[in-house]
$ cat work.csv   # CSV, C-alpha atoms
chain,number,residue,atom,x,y,z
A,1,MET,CA,6.8,44.8,12.8
A,2,ILE,CA,6.8,41.3,11.2
A,3,SER,CA,8.2,41.2,7.7
A,4,VAL,CA,6.7,39.3,4.8
A,5,TRP,CA,9.3,36.6,5.2
A,6,GLN,CA,8.6,36.3,8.9
A,7,GLY,CA,4.9,36.0,8.1
A,8,LEU,CA,5.6,33.2,5.7
A,9,SER,CA,7.8,31.6,8.4
A,10,LEU,CA,5.0,31.9,10.9
A,11,ALA,CA,2.6,30.1,8.6
A,12,LEU,CA,5.1,27.3,8.0
A,13,ILE,CA,5.6,27.1,11.8
A,14,ALA,CA,1.9,26.7,12.3
A,15,LEU,CA,1.9,23.8,9.7
A,16,THR,CA,4.9,22.3,11.5
A,17,VAL,CA,3.1,22.2,14.8
A,18,ALA,CA,0.1,20.6,13.2
A,19,GLY,CA,2.5,18.1,11.6
A,20,CYS,CA,4.1,17.3,15.0
A,21,LEU,CA,0.6,16.6,16.4
A,22,PHE,CA,0.0,14.3,13.4
A,23,GLN,CA,3.2,12.4,14.2
A,24,VAL,CA,2.3,11.8,17.8
A,25,ALA,CA,-1.3,10.9,17.1
A,26,SER,CA,-0.5,8.5,14.3
A,27,ALA,CA,2.3,6.7,16.2
A,28,LEU,CA,0.0,6.2,19.2
A,29,LEU,CA,-2.7,4.8,16.9
A,30,VAL,CA,-0.3,2.4,15.2
A,31,ARG,CA,0.6,1.1,18.7
A,32,ARG,CA,-3.1,0.8,19.6
A,33,PHE,CA,-3.9,-1.0,16.4
A,34,GLN,CA,-1.1,-3.6,17.0
A,35,ARG,CA,-2.2,-4.2,20.6
A,36,ALA,CA,-6.0,-4.5,19.8
A,37,PRO,CA,-7.6,-7.9,20.3
A,38,LYS,CA,-7.7,-10.1,17.2
A,39,PRO,CA,-11.3,-11.4,16.7
A,40,ALA,CA,-11.8,-15.0,15.7
A,41,ALA,CA,-13.7,-15.6,12.4
A,42,ALA,CA,-17.4,-16.4,13.1
A,43,MET,CA,-17.6,-17.9,9.6
A,44,ARG,CA,-15.0,-19.6,7.5
A,45,PRO,CA,-16.3,-19.9,3.9
A,46,PRO,CA,-14.1,-21.2,1.1
A,47,ILE,CA,-11.9,-18.5,-0.4
A,48,SER,CA,-10.2,-18.2,-3.8
A,49,VAL,CA,-6.9,-16.2,-3.6
A,50,MET,CA,-5.8,-14.7,-6.9
A,51,LYS,CA,-2.0,-14.1,-7.2
A,52,PRO,CA,-0.9,-12.2,-10.3
A,53,LEU,CA,2.8,-12.8,-10.8
A,54,CYS,CA,5.5,-11.1,-13.0
A,55,GLY,CA,9.1,-12.3,-12.6
A,56,ALA,CA,10.8,-14.2,-9.8
A,57,GLU,CA,11.2,-11.5,-7.1
A,58,PRO,CA,13.5,-11.9,-4.1
A,59,GLY,CA,11.8,-14.0,-1.4
A,60,MET,CA,9.0,-15.1,-3.7
A,61,ALA,CA,9.1,-18.8,-2.9
A,62,GLU,CA,8.9,-18.0,0.9
A,63,ASN,CA,6.2,-15.4,0.3
A,64,LEU,CA,4.0,-17.8,-1.7
A,65,ASP,CA,4.6,-20.7,0.6
A,66,SER,CA,3.4,-18.7,3.6
A,67,CYS,CA,0.1,-18.1,1.8
A,68,LEU,CA,-0.4,-21.8,1.4
A,69,ARG,CA,0.3,-22.7,5.0
A,70,GLN,CA,-3.0,-21.4,6.4
A,71,ASP,CA,-5.0,-22.7,9.4
A,72,TYR,CA,-8.1,-22.6,7.2
A,73,PRO,CA,-10.5,-25.4,6.2
A,74,GLN,CA,-10.7,-24.8,2.4
A,75,PHE,CA,-9.2,-22.4,0.0
A,76,GLN,CA,-8.0,-22.1,-3.6
A,77,MET,CA,-4.8,-20.4,-4.8
A,78,VAL,CA,-4.8,-19.3,-8.4
A,79,PHE,CA,-1.5,-18.0,-9.8
A,80,GLY,CA,-1.3,-16.2,-13.1
A,81,VAL,CA,1.4,-15.0,-15.5
A,82,ALA,CA,1.2,-13.3,-18.8
A,83,ASP,CA,4.3,-15.1,-20.3
A,84,PRO,CA,4.6,-18.9,-20.3
A,85,ALA,CA,8.3,-18.4,-19.9
A,86,ASP,CA,8.0,-16.3,-16.8
A,87,PRO,CA,10.4,-17.6,-14.1
A,88,ALA,CA,7.7,-17.1,-11.6
A,89,LEU,CA,6.1,-20.3,-12.9
A,90,ALA,CA,9.1,-22.3,-11.8
A,91,VAL,CA,8.6,-20.9,-8.3
A,92,VAL,CA,5.0,-22.0,-8.4
A,93,ASP,CA,6.0,-25.5,-9.6
A,94,GLY,CA,8.2,-25.9,-6.6
A,95,LEU,CA,5.4,-25.2,-4.0
A,96,PRO,CA,4.1,-28.1,-2.0
A,97,ARG,CA,1.0,-29.8,-3.3
A,98,ASP,CA,0.2,-32.0,-0.3
A,99,LEU,CA,-1.0,-29.3,2.2
A,100,PRO,CA,-4.5,-29.9,3.6
A,101,GLY,CA,-7.5,-27.8,2.4
A,102,VAL,CA,-5.7,-26.0,-0.4
A,103,GLU,CA,-6.2,-26.4,-4.2
A,104,ILE,CA,-3.5,-24.8,-6.5
A,105,GLU,CA,-4.0,-23.7,-10.1
A,106,ALA,CA,-1.7,-21.8,-12.4
A,107,VAL,CA,-2.6,-19.8,-15.5
A,108,ALA,CA,-0.3,-18.6,-18.3
A,109,ASP,CA,-2.1,-16.4,-20.7
A,110,ALA,CA,-0.8,-13.4,-22.7
A,111,THR,CA,-4.2,-12.0,-23.7
A,112,ARG,CA,-4.2,-8.2,-23.1
A,113,HIS,CA,-7.1,-6.5,-21.4
A,114,GLY,CA,-6.6,-2.7,-21.1
A,115,LEU,CA,-3.5,-0.9,-20.0
A,116,ASN,CA,-3.4,-2.2,-16.4
A,117,LEU,CA,-1.3,-5.3,-16.8
A,118,LYS,CA,-2.0,-6.6,-13.3
A,119,VAL,CA,-5.8,-6.5,-13.9
A,120,GLY,CA,-5.3,-8.0,-17.3
A,121,ASN,CA,-3.5,-10.9,-15.6
A,122,LEU,CA,-6.4,-11.2,-13.2
A,123,LEU,CA,-9.0,-11.3,-16.0
A,124,ASN,CA,-7.1,-14.2,-17.6
A,125,MET,CA,-7.2,-16.0,-14.2
A,126,TRP,CA,-10.9,-15.3,-13.5
A,127,PRO,CA,-12.4,-18.3,-15.3
A,128,ARG,CA,-10.5,-20.6,-12.8
A,129,VAL,CA,-11.8,-18.9,-9.7
A,130,ARG,CA,-14.4,-21.1,-8.0
A,131,HIS,CA,-15.4,-19.6,-4.7
A,132,ASP,CA,-17.7,-16.7,-3.8
A,133,LEU,CA,-15.2,-15.0,-1.5
A,134,ILE,CA,-12.3,-13.8,-3.5
A,135,ALA,CA,-9.0,-12.3,-2.4
A,136,ILE,CA,-6.6,-10.5,-4.7
A,137,ALA,CA,-3.1,-10.5,-3.2
A,138,ASP,CA,0.3,-9.2,-4.4
A,139,SER,CA,3.2,-11.7,-4.8
A,140,ASP,CA,5.5,-9.9,-2.4
A,141,ILE,CA,3.4,-10.3,0.8
A,142,ARG,CA,4.3,-12.8,3.5
A,143,VAL,CA,1.7,-13.8,6.0
A,144,GLY,CA,1.0,-15.9,9.0
A,145,PRO,CA,-1.4,-18.9,9.3
A,146,HIS,CA,-4.2,-16.6,10.5
A,147,TYR,CA,-4.2,-14.5,7.2
A,148,LEU,CA,-7.4,-16.0,5.7
A,149,ASP,CA,-9.3,-15.9,9.0
A,150,ASP,CA,-8.4,-12.2,9.2
A,151,LEU,CA,-9.9,-11.7,5.8
A,152,ALA,CA,-13.0,-13.7,6.4
A,153,ALA,CA,-13.9,-12.4,9.9
A,154,PRO,CA,-15.3,-8.9,8.9
A,155,PHE,CA,-17.6,-10.5,6.3
A,156,ALA,CA,-19.8,-11.8,9.1
A,157,ASP,CA,-21.3,-8.2,9.0
A,158,PRO,CA,-23.5,-8.0,5.9
A,159,LYS,CA,-22.6,-4.3,5.5
A,160,ILE,CA,-19.0,-5.2,4.6
A,161,GLY,CA,-18.3,-5.4,0.8
A,162,VAL,CA,-14.5,-5.4,0.8
A,163,VAL,CA,-11.8,-6.2,3.4
A,164,THR,CA,-8.2,-4.9,3.0
A,165,CYS,CA,-4.9,-5.2,4.8
A,166,LEU,CA,-2.4,-2.7,6.0
A,167,TYR,CA,1.2,-3.8,5.3
A,168,VAL,CA,4.6,-3.6,7.0
A,169,GLY,CA,7.7,-3.2,4.8
A,170,ARG,CA,10.4,-5.8,5.3
A,171,PRO,CA,13.5,-4.8,3.2
A,172,VAL,CA,15.9,-7.1,1.5
A,173,PRO,CA,19.5,-6.0,2.3
A,174,GLY,CA,20.5,-2.6,0.7
A,175,LEU,CA,20.2,1.1,1.3
A,176,TRP,CA,17.4,1.8,-1.2
A,177,SER,CA,15.3,-1.1,0.0
A,178,ALA,CA,15.7,0.0,3.6
A,179,LEU,CA,14.6,3.5,2.6
A,180,GLY,CA,11.6,2.1,0.7
A,181,ALA,CA,10.5,0.1,3.7
A,182,MET,CA,10.8,3.2,6.0
A,183,GLY,CA,8.5,5.1,3.6
A,184,ILE,CA,5.9,2.4,4.1
A,185,ASN,CA,6.3,1.9,7.9
A,186,HIS,CA,6.6,5.5,8.9
A,187,GLY,CA,4.6,7.2,6.2
A,188,PHE,CA,1.9,5.1,4.5
A,189,LEU,CA,0.9,2.9,7.5
A,190,PRO,CA,0.6,5.5,10.2
A,191,GLY,CA,-1.2,7.8,7.8
A,192,ALA,CA,-3.7,5.0,6.9
A,193,VAL,CA,-4.4,4.2,10.5
A,194,LEU,CA,-5.0,7.9,11.4
A,195,ALA,CA,-7.2,8.4,8.3
A,196,ARG,CA,-9.5,5.6,9.5
A,197,ALA,CA,-9.5,7.0,13.0
A,198,ILE,CA,-10.8,10.3,11.9
A,199,GLY,CA,-13.5,8.8,9.8
A,200,ARG,CA,-12.0,8.3,6.3
A,201,LYS,CA,-12.8,4.7,5.5
A,202,ASP,CA,-12.3,4.8,1.7
A,203,GLY,CA,-8.8,3.3,1.8
A,204,CYS,CA,-8.4,0.1,0.0
A,205,PHE,CA,-4.9,-1.2,-0.3
A,206,GLY,CA,-3.6,-3.4,-3.2
A,207,ALA,CA,-1.4,-5.7,-1.1
A,208,THR,CA,-4.5,-7.6,-0.3
A,209,MET,CA,-8.2,-7.0,-1.1
A,210,ALA,CA,-10.9,-9.4,-0.4
A,211,VAL,CA,-14.4,-9.0,-2.0
A,212,ARG,CA,-17.6,-10.9,-2.3
A,213,ARG,CA,-18.3,-12.2,-5.8
A,214,ASP,CA,-21.7,-10.6,-5.9
A,215,VAL,CA,-20.3,-7.2,-5.1
A,216,LEU,CA,-17.6,-7.5,-7.7
A,217,GLU,CA,-20.0,-8.6,-10.4
A,218,LYS,CA,-22.6,-5.9,-9.6
A,219,GLY,CA,-19.9,-3.3,-9.9
A,220,GLY,CA,-18.9,-4.3,-13.4
A,221,GLY,CA,-16.4,-7.0,-12.6
A,222,LEU,CA,-12.6,-6.9,-13.0
A,223,SER,CA,-13.1,-5.3,-16.4
A,224,ALA,CA,-14.1,-2.1,-14.6
A,225,LEU,CA,-10.5,-1.9,-13.3
A,226,SER,CA,-8.6,-2.7,-16.5
A,227,HIS,CA,-7.9,0.9,-17.6
A,228,VAL,CA,-7.2,2.6,-14.2
A,229,LEU,CA,-4.0,3.0,-12.3
A,230,ALA,CA,-5.6,2.9,-8.8
A,231,ASP,CA,-7.4,-0.4,-9.2
A,232,ASP,CA,-7.4,-0.8,-5.5
A,233,TRP,CA,-9.2,2.5,-4.9
A,234,VAL,CA,-11.7,1.7,-7.7
A,235,LEU,CA,-12.5,-1.7,-6.2
A,236,GLY,CA,-13.2,0.0,-2.8
A,237,LYS,CA,-15.4,2.6,-4.5
A,238,MET,CA,-17.3,-0.2,-6.3
A,239,ALA,CA,-18.3,-1.4,-2.8
A,240,ARG,CA,-19.1,2.0,-1.4
A,241,ASP,CA,-21.3,2.8,-4.4
A,242,GLN,CA,-23.4,-0.2,-3.4
A,243,GLY,CA,-23.8,1.2,0.1
A,244,LEU,CA,-21.3,-1.2,1.6
A,245,GLU,CA,-18.2,-0.6,3.7
A,246,ILE,CA,-14.5,-1.3,3.5
A,247,ALA,CA,-13.2,-3.2,6.6
A,248,LEU,CA,-9.6,-3.4,7.8
A,249,ALA,CA,-8.2,-6.8,8.6
A,250,ALA,CA,-7.1,-7.1,12.2
A,251,ARG,CA,-3.4,-7.7,11.4
A,252,PRO,CA,-1.1,-6.2,8.8
A,253,VAL,CA,0.7,-8.4,6.3
A,254,ASP,CA,4.5,-8.2,5.6
A,255,ILE,CA,5.6,-6.9,2.2
A,256,THR,CA,9.1,-7.7,0.8
A,257,VAL,CA,10.7,-4.4,-0.3
A,258,HIS,CA,13.3,-4.7,-3.0
A,259,GLU,CA,14.6,-1.5,-4.5
A,260,PRO,CA,17.9,-2.2,-6.3
A,261,ASP,CA,18.7,1.5,-7.0
A,262,VAL,CA,17.5,5.0,-6.4
A,263,LYS,CA,15.8,5.3,-9.8
A,264,THR,CA,13.6,2.2,-9.1
A,265,LEU,CA,12.7,3.6,-5.7
A,266,LEU,CA,11.8,7.0,-7.0
A,267,ASP,CA,9.8,5.5,-9.9
A,268,HIS,CA,7.8,3.4,-7.4
A,269,GLU,CA,7.2,6.1,-4.9
A,270,ILE,CA,6.3,8.8,-7.5
A,271,ARG,CA,3.9,6.4,-9.1
A,272,TRP,CA,2.2,5.7,-5.7
A,273,GLY,CA,2.1,9.4,-5.0
A,274,ARG,CA,0.5,10.2,-8.4
A,275,THR,CA,-1.9,7.3,-8.0
A,276,ILE,CA,-3.2,8.9,-4.8
A,277,ALA,CA,-3.2,12.4,-6.4
A,278,ALA,CA,-5.2,11.1,-9.4
A,279,VAL,CA,-8.1,10.1,-7.2
A,280,ASP,CA,-7.9,12.8,-4.5
A,281,ARG,CA,-5.5,15.5,-5.4
A,282,ALA,CA,-6.6,18.0,-2.7
A,283,SER,CA,-6.0,15.4,0.0
A,284,TYR,CA,-2.6,14.4,-1.4
A,285,MET,CA,-1.5,18.0,-1.5
A,286,ALA,CA,-2.7,18.6,2.0
A,287,SER,CA,-0.6,15.6,3.1
A,288,VAL,CA,2.4,17.9,3.3
A,289,ILE,CA,1.4,18.3,6.9
A,290,THR,CA,2.8,14.8,7.5
A,291,GLN,CA,6.3,16.1,6.9
A,292,PRO,CA,7.0,18.5,9.8
A,293,VAL,CA,10.8,18.4,9.4
A,294,ALA,CA,10.6,19.6,5.8
A,295,LEU,CA,8.1,22.3,6.8
A,296,ALA,CA,10.3,23.5,9.7
A,297,LEU,CA,13.4,23.6,7.4
A,298,LEU,CA,11.4,25.8,5.0
A,299,ALA,CA,10.4,28.0,7.9
A,300,VAL,CA,14.0,28.4,8.9
A,301,LEU,CA,14.9,29.4,5.4
A,302,ALA,CA,12.0,31.8,5.1
A,303,GLY,CA,12.7,33.5,8.4
A,304,TRP,CA,16.5,33.6,7.9
A,305,ALA,CA,17.1,31.4,10.9
A,306,TRP,CA,14.5,33.3,13.0
A,307,LEU,CA,14.5,32.0,16.6
A,308,PRO,CA,10.8,30.7,16.5
A,309,SER,CA,11.6,28.8,13.3
A,310,LEU,CA,14.7,27.2,14.9
A,311,ALA,CA,12.5,26.2,17.8
A,312,ALA,CA,10.0,24.7,15.5
A,313,LEU,CA,12.7,22.7,13.7
A,314,GLY,CA,13.8,21.2,17.1
A,315,LEU,CA,10.3,20.3,17.9
A,316,ALA,CA,9.7,18.7,14.5
A,317,GLY,CA,12.9,16.6,14.7
A,318,LEU,CA,12.1,15.4,18.2
A,319,SER,CA,8.5,14.5,17.5
A,320,ARG,CA,9.4,12.7,14.3
A,321,LEU,CA,12.1,10.7,16.0
A,322,TRP,CA,9.8,9.8,18.9
A,323,ALA,CA,7.1,8.7,16.4
A,324,VAL,CA,9.5,6.5,14.5
A,325,ARG,CA,10.8,4.8,17.6
A,326,VAL,CA,7.2,4.1,18.8
A,327,GLU,CA,6.3,2.7,15.4
A,328,GLU,CA,9.4,0.6,15.3
A,329,ARG,CA,8.6,-1.0,18.7
A,330,ALA,CA,4.9,-1.6,17.8
A,331,LEU,CA,5.8,-3.2,14.4
A,332,GLY,CA,8.7,-5.2,15.6
A,333,LEU,CA,11.3,-3.4,13.5
A,334,GLY,CA,15.0,-2.7,14.1
A,335,ARG,CA,16.1,0.8,15.0
A,336,SER,CA,17.0,3.0,12.1
A,337,GLY,CA,20.1,5.2,12.3
A,338,LEU,CA,19.7,8.9,12.4
A,339,GLY,CA,21.5,9.4,9.1
A,340,LEU,CA,19.1,7.0,7.4
A,341,LEU,CA,16.1,8.8,9.0
A,342,ALA,CA,17.4,12.1,7.7
A,343,LEU,CA,17.8,10.7,4.2
A,344,ARG,CA,14.3,9.3,4.3
A,345,GLU,CA,12.9,12.8,5.3
A,346,ILE,CA,14.7,14.4,2.3
A,347,LEU,CA,13.5,11.7,-0.1
A,348,SER,CA,9.9,11.9,1.1
A,349,PHE,CA,9.7,15.6,0.5
A,350,VAL,CA,11.3,15.3,-3.0
A,351,VAL,CA,8.8,12.6,-3.9
A,352,TYR,CA,5.9,14.7,-2.6
A,353,VAL,CA,7.0,17.7,-4.7
A,354,VAL,CA,7.6,15.7,-7.9
A,355,ALA,CA,4.3,13.7,-7.5
A,356,CYS,CA,2.3,17.0,-7.1
A,357,SER,CA,3.8,18.5,-10.2
A,358,GLY,CA,3.0,15.9,-12.9
A,359,ARG,CA,0.8,13.1,-14.2
A,360,THR,CA,3.2,10.6,-15.8
A,361,VAL,CA,4.3,7.4,-14.1
A,362,VAL,CA,6.7,4.6,-14.9
A,363,TRP,CA,5.2,1.1,-14.4
A,364,ARG,CA,7.0,-2.1,-15.4
A,365,GLY,CA,9.3,-0.2,-17.7
A,366,ARG,CA,6.6,1.7,-19.5
A,367,ARG,CA,5.6,5.3,-19.2
A,368,PHE,CA,1.9,6.3,-18.8
A,369,ALA,CA,0.0,9.5,-18.4
A,370,VAL,CA,-2.7,9.5,-15.6
A,371,ARG,CA,-5.8,11.3,-16.6
A,372,ALA,CA,-7.9,13.3,-14.0
A,373,ASP,CA,-10.3,10.3,-13.7
A,374,GLY,CA,-7.5,7.9,-12.9
A,375,THR,CA,-7.5,6.1,-16.2
A,376,LEU,CA,-4.2,5.5,-18.1
A,377,ASP,CA,-2.8,6.6,-21.5
A,378,GLN,CA,0.5,5.0,-22.6
A,379,VAL,CA,3.0,7.6,-23.6
A,380,GLU,CA,4.3,7.1,-27.2
A,381,GLY,CA,7.7,5.5,-27.5
A,382,SER,CA,7.6,4.0,-24.0

$ encode --input "work.csv" --output "structure tokens"
Amino acid sequence: MISVWQGLSLALIALTVAGCLFQVASALLVRRFQRAPKPAAAMRPPISVMKPLCGAEPGMAENLDSCLRQDYPQFQMVFGVADPADPALAVVDGLPRDLPGVEIEAVADATRHGLNLKVGNLLNMWPRVRHDLIAIADSDIRVGPHYLDDLAAPFADPKIGVVTCLYVGRPVPGLWSALGAMGINHGFLPGAVLARAIGRKDGCFGATMAVRRDVLEKGGGLSALSHVLADDWVLGKMARDQGLEIALAARPVDITVHEPDVKTLLDHEIRWGRTIAAVDRASYMASVITQPVALALLAVLAGWAWLPSLAALGLAGLSRLWAVRVEERALGLGRSGLGLLALREILSFVVYVVACSGRTVVWRGRRFAVRADGTLDQVEGS
């Protein structure tokens, strides 16, 4: 006769097995994505790249410089800050101005537009944007010379309204940055690749989003994003509501991960988790299946170290380790130590539980409440 606790353990074991299958499938898909042929752009229209900046982050000069060194005939880089004294402007001033095909502009404007400060910055930059193909790119990405071709290539298909990029975390030295990068490389990226493989093509990722001007203006423009936390998801929905699709660029970009302490890391990851939960809470809660080690540990506790649960824990640990090693090789990453991997597993489950149990986020030192529709309310006193 199976006890209630053993029944709970069996349910958790079933979820663990499903989670192990997820790990194997997602790792293989990451490897396939990285090995896939990279199509050449059939069209190379002028592109305006909008770069909202806030502070001089580690590696910013190298990141911005990489975006300028493109094998592309004509493009515009528009940098924007809200504060004329922002040290990011000094970084922009130090960028080369003699590279062929690129025009550089900088905007410093403190005008506020809604609660999303990034989008407010973009709105202040908008009057300087000249071209009809527009990319919005974070300041912490580092790219190769093919970056703009990768963005332009999918637009040869008139059904495409937005192109977005996956990203690979490259940490600055330090424990918390290494853990943050692992969360991207072995959590976000494999999950995003698997989601597209099973037919979910609504993912739009804020590291880089390219959109046609007519699609953006028909959807209400940047103003439609100014009060939401998940501005990337809303931009993608804007295109989907017009019967258009979101394409994935052929290559991921690199993103510099700088997490100086555990509080900063947790604030970031809880905000990302609650951002996803705000637009699709059911899917976010179901994503627990991506954490088979945590599920197996719960099964062991529920079954009082019942033999089937111990076997499930062994299976979970092996499948997770195998998946991480496959992803490391595919993405050109160094091997993470077992202690670091174990700490990442614990941290991921803590973030998941906390993100599921609240609606407040910390963003640039201010606390916001996220409504059910994804819009923001600033918490008093923050």

$ residues_near_point --input "work.csv" --point "(3.6, 1.2, 21.6)" --cutoff "10 Å" --atoms "only C-alpha atoms" --output "MDAnalysis selection string"
chainID A and resid 27:35 323 325:331

$ closest_residue --input "work.csv" --among "A:Leu122, A:Leu244, A:Met182, A:Leu115" --to "A:Gly161" --atoms "all atoms listed in the file"
A:Leu244

$ closest_atom_pairs --input "work.csv" --of "stretch 181-293 of chain A" --to "stretch 141-156 of chain A" --cutoff "6 Å" --atoms "only C-alpha atoms" --output "JSON lines"
{"residue": "A:Ala249", "atom": "CA", "partner": "A:Asp150", "partner_atom": "CA", "distance": 5.4}
{"residue": "A:Val253", "atom": "CA", "partner": "A:Val143", "partner_atom": "CA", "distance": 5.5}
{"residue": "A:Asp254", "atom": "CA", "partner": "A:Arg142", "partner_atom": "CA", "distance": 5.1}
{"residue": "A:Ile255", "atom": "CA", "partner": "A:Ile141", "partner_atom": "CA", "distance": 4.3}

$ write_last_selection --input "work.csv" --atoms "C-alpha atoms" --output "JSON list (two decimals), in the coordinates of the input"
[["chain", "number", "residue", "atom", "x", "y", "z"],
["A", 249, "ALA", "CA", -8.20, -6.80, 8.60],
["A", 253, "VAL", "CA", 0.70, -8.40, 6.30],
["A", 254, "ASP", "CA", 4.50, -8.20, 5.60],
["A", 255, "ILE", "CA", 5.60, -6.90, 2.20]]

$ residues_around --input "work.csv" --residues "stretch 96-110 of chain A" --least-positions-apart "3" --cutoff "6 Å" --atoms "all atoms listed in the file" --output "list in words"
Pro73, Gln74, Phe75, Gln76, Met77, Val78, Phe79, Gly80, Val81, Ala82, Asp83 and Pro84 of chain A

$ residues_around --input "work.csv" --residues "stretch 293-307 of chain A" --least-positions-apart "2" --cutoff "12 Å" --atoms "all atoms listed in the file" --output "JSON, numbers by chain"
{"A": [2, 3, 4, 5, 6, 7, 8, 9, 10, 11, 12, 13, 14, 15, 16, 17, 18, 19, 20, 23, 287, 288, 289, 290, 291, 309, 310, 311, 312, 313, 314, 315, 316, 317, 318, 319, 320, 321, 341, 342, 343, 344, 345, 346, 347, 348, 349, 350, 352, 353]}

$ closest_residue --input "work.csv" --among "A:Leu235, A:Ala137, A:Leu229, A:Val279" --to "A:Ala207" --atoms "only C-alpha atoms"
A:Ala137

$ closest_residue --input "work.csv" --among "A:Arg170, A:Arg364, A:Arg274, A:Arg359" --to "A:Pro58" --atoms "only C-alpha atoms"
A:Arg170

$ closest_residue --input "work.csv" --among "A:Val129, A:Ile270, A:Ala239, A:Val324" --to "A:Leu340" --atoms "all atoms listed in the file"
A:Val324

$ atom_distance --input "work.csv" --atom1 "atom CA of A:Ser139" --atom2 "atom CA of A:Ala56"
9.4 Å

$ closest_residue --input "work.csv" --among "A:Ala40, A:Val92, A:Val168, A:Val49" --to "A:Pro190" --atoms "all atoms listed in the file"
A:Val168

$ closest_residue --input "work.csv" --among "A:Val379, A:Ile136, A:Val362, A:Leu248" --to "A:Lys201" --atoms "all atoms listed in the file"
A:Leu248

$ atom_distance --input "work.csv" --atom1 "atom CA of A:Ala369" --atom2 "atom CA of A:Ala88"
28.5 Å

$ atom_distance --input "work.csv" --atom1 "atom CA of A:Leu175" --atom2 "atom CA of A:Ala277"
27.1 Å

$ residues_around --input "work.csv" --residues "A:Arg200" --least-positions-apart "2" --cutoff "12 Å" --atoms "all atoms listed in the file" --output "PyMOL selection string"
chain A and resi 191-198+202-204+245-247+283

$ write_last_selection --input "work.csv" --atoms "C-alpha atoms" --output "CSV table (one decimal), in the frame of the given file"
chain,number,residue,atom,x,y,z
A,191,GLY,CA,-1.2,7.8,7.8
A,192,ALA,CA,-3.7,5.0,6.9
A,193,VAL,CA,-4.4,4.2,10.5
A,194,LEU,CA,-5.0,7.9,11.4
A,195,ALA,CA,-7.2,8.4,8.3
A,196,ARG,CA,-9.5,5.6,9.5
A,197,ALA,CA,-9.5,7.0,13.0
A,198,ILE,CA,-10.8,10.3,11.9
A,202,ASP,CA,-12.3,4.8,1.7
A,203,GLY,CA,-8.8,3.3,1.8
A,204,CYS,CA,-8.4,0.1,0.0
A,245,GLU,CA,-18.2,-0.6,3.7
A,246,ILE,CA,-14.5,-1.3,3.5
A,247,ALA,CA,-13.2,-3.2,6.6
A,283,SER,CA,-6.0,15.4,0.0

$ residues_around --input "work.csv" --residues "A:Thr264" --least-positions-apart "4" --cutoff "12 Å" --atoms "all atoms listed in the file" --output "ChimeraX atom specification"
/A:176-177,179-180,257-260,268-271,361-365

$ residues_near_point --input "work.csv" --point "(-23.3, -9.3, -3.7)" --cutoff "12 Å" --atoms "all atoms listed in the file" --output "ChimeraX atom specification"
/A:132-134,155,158-162,211-221,238-239,242-244
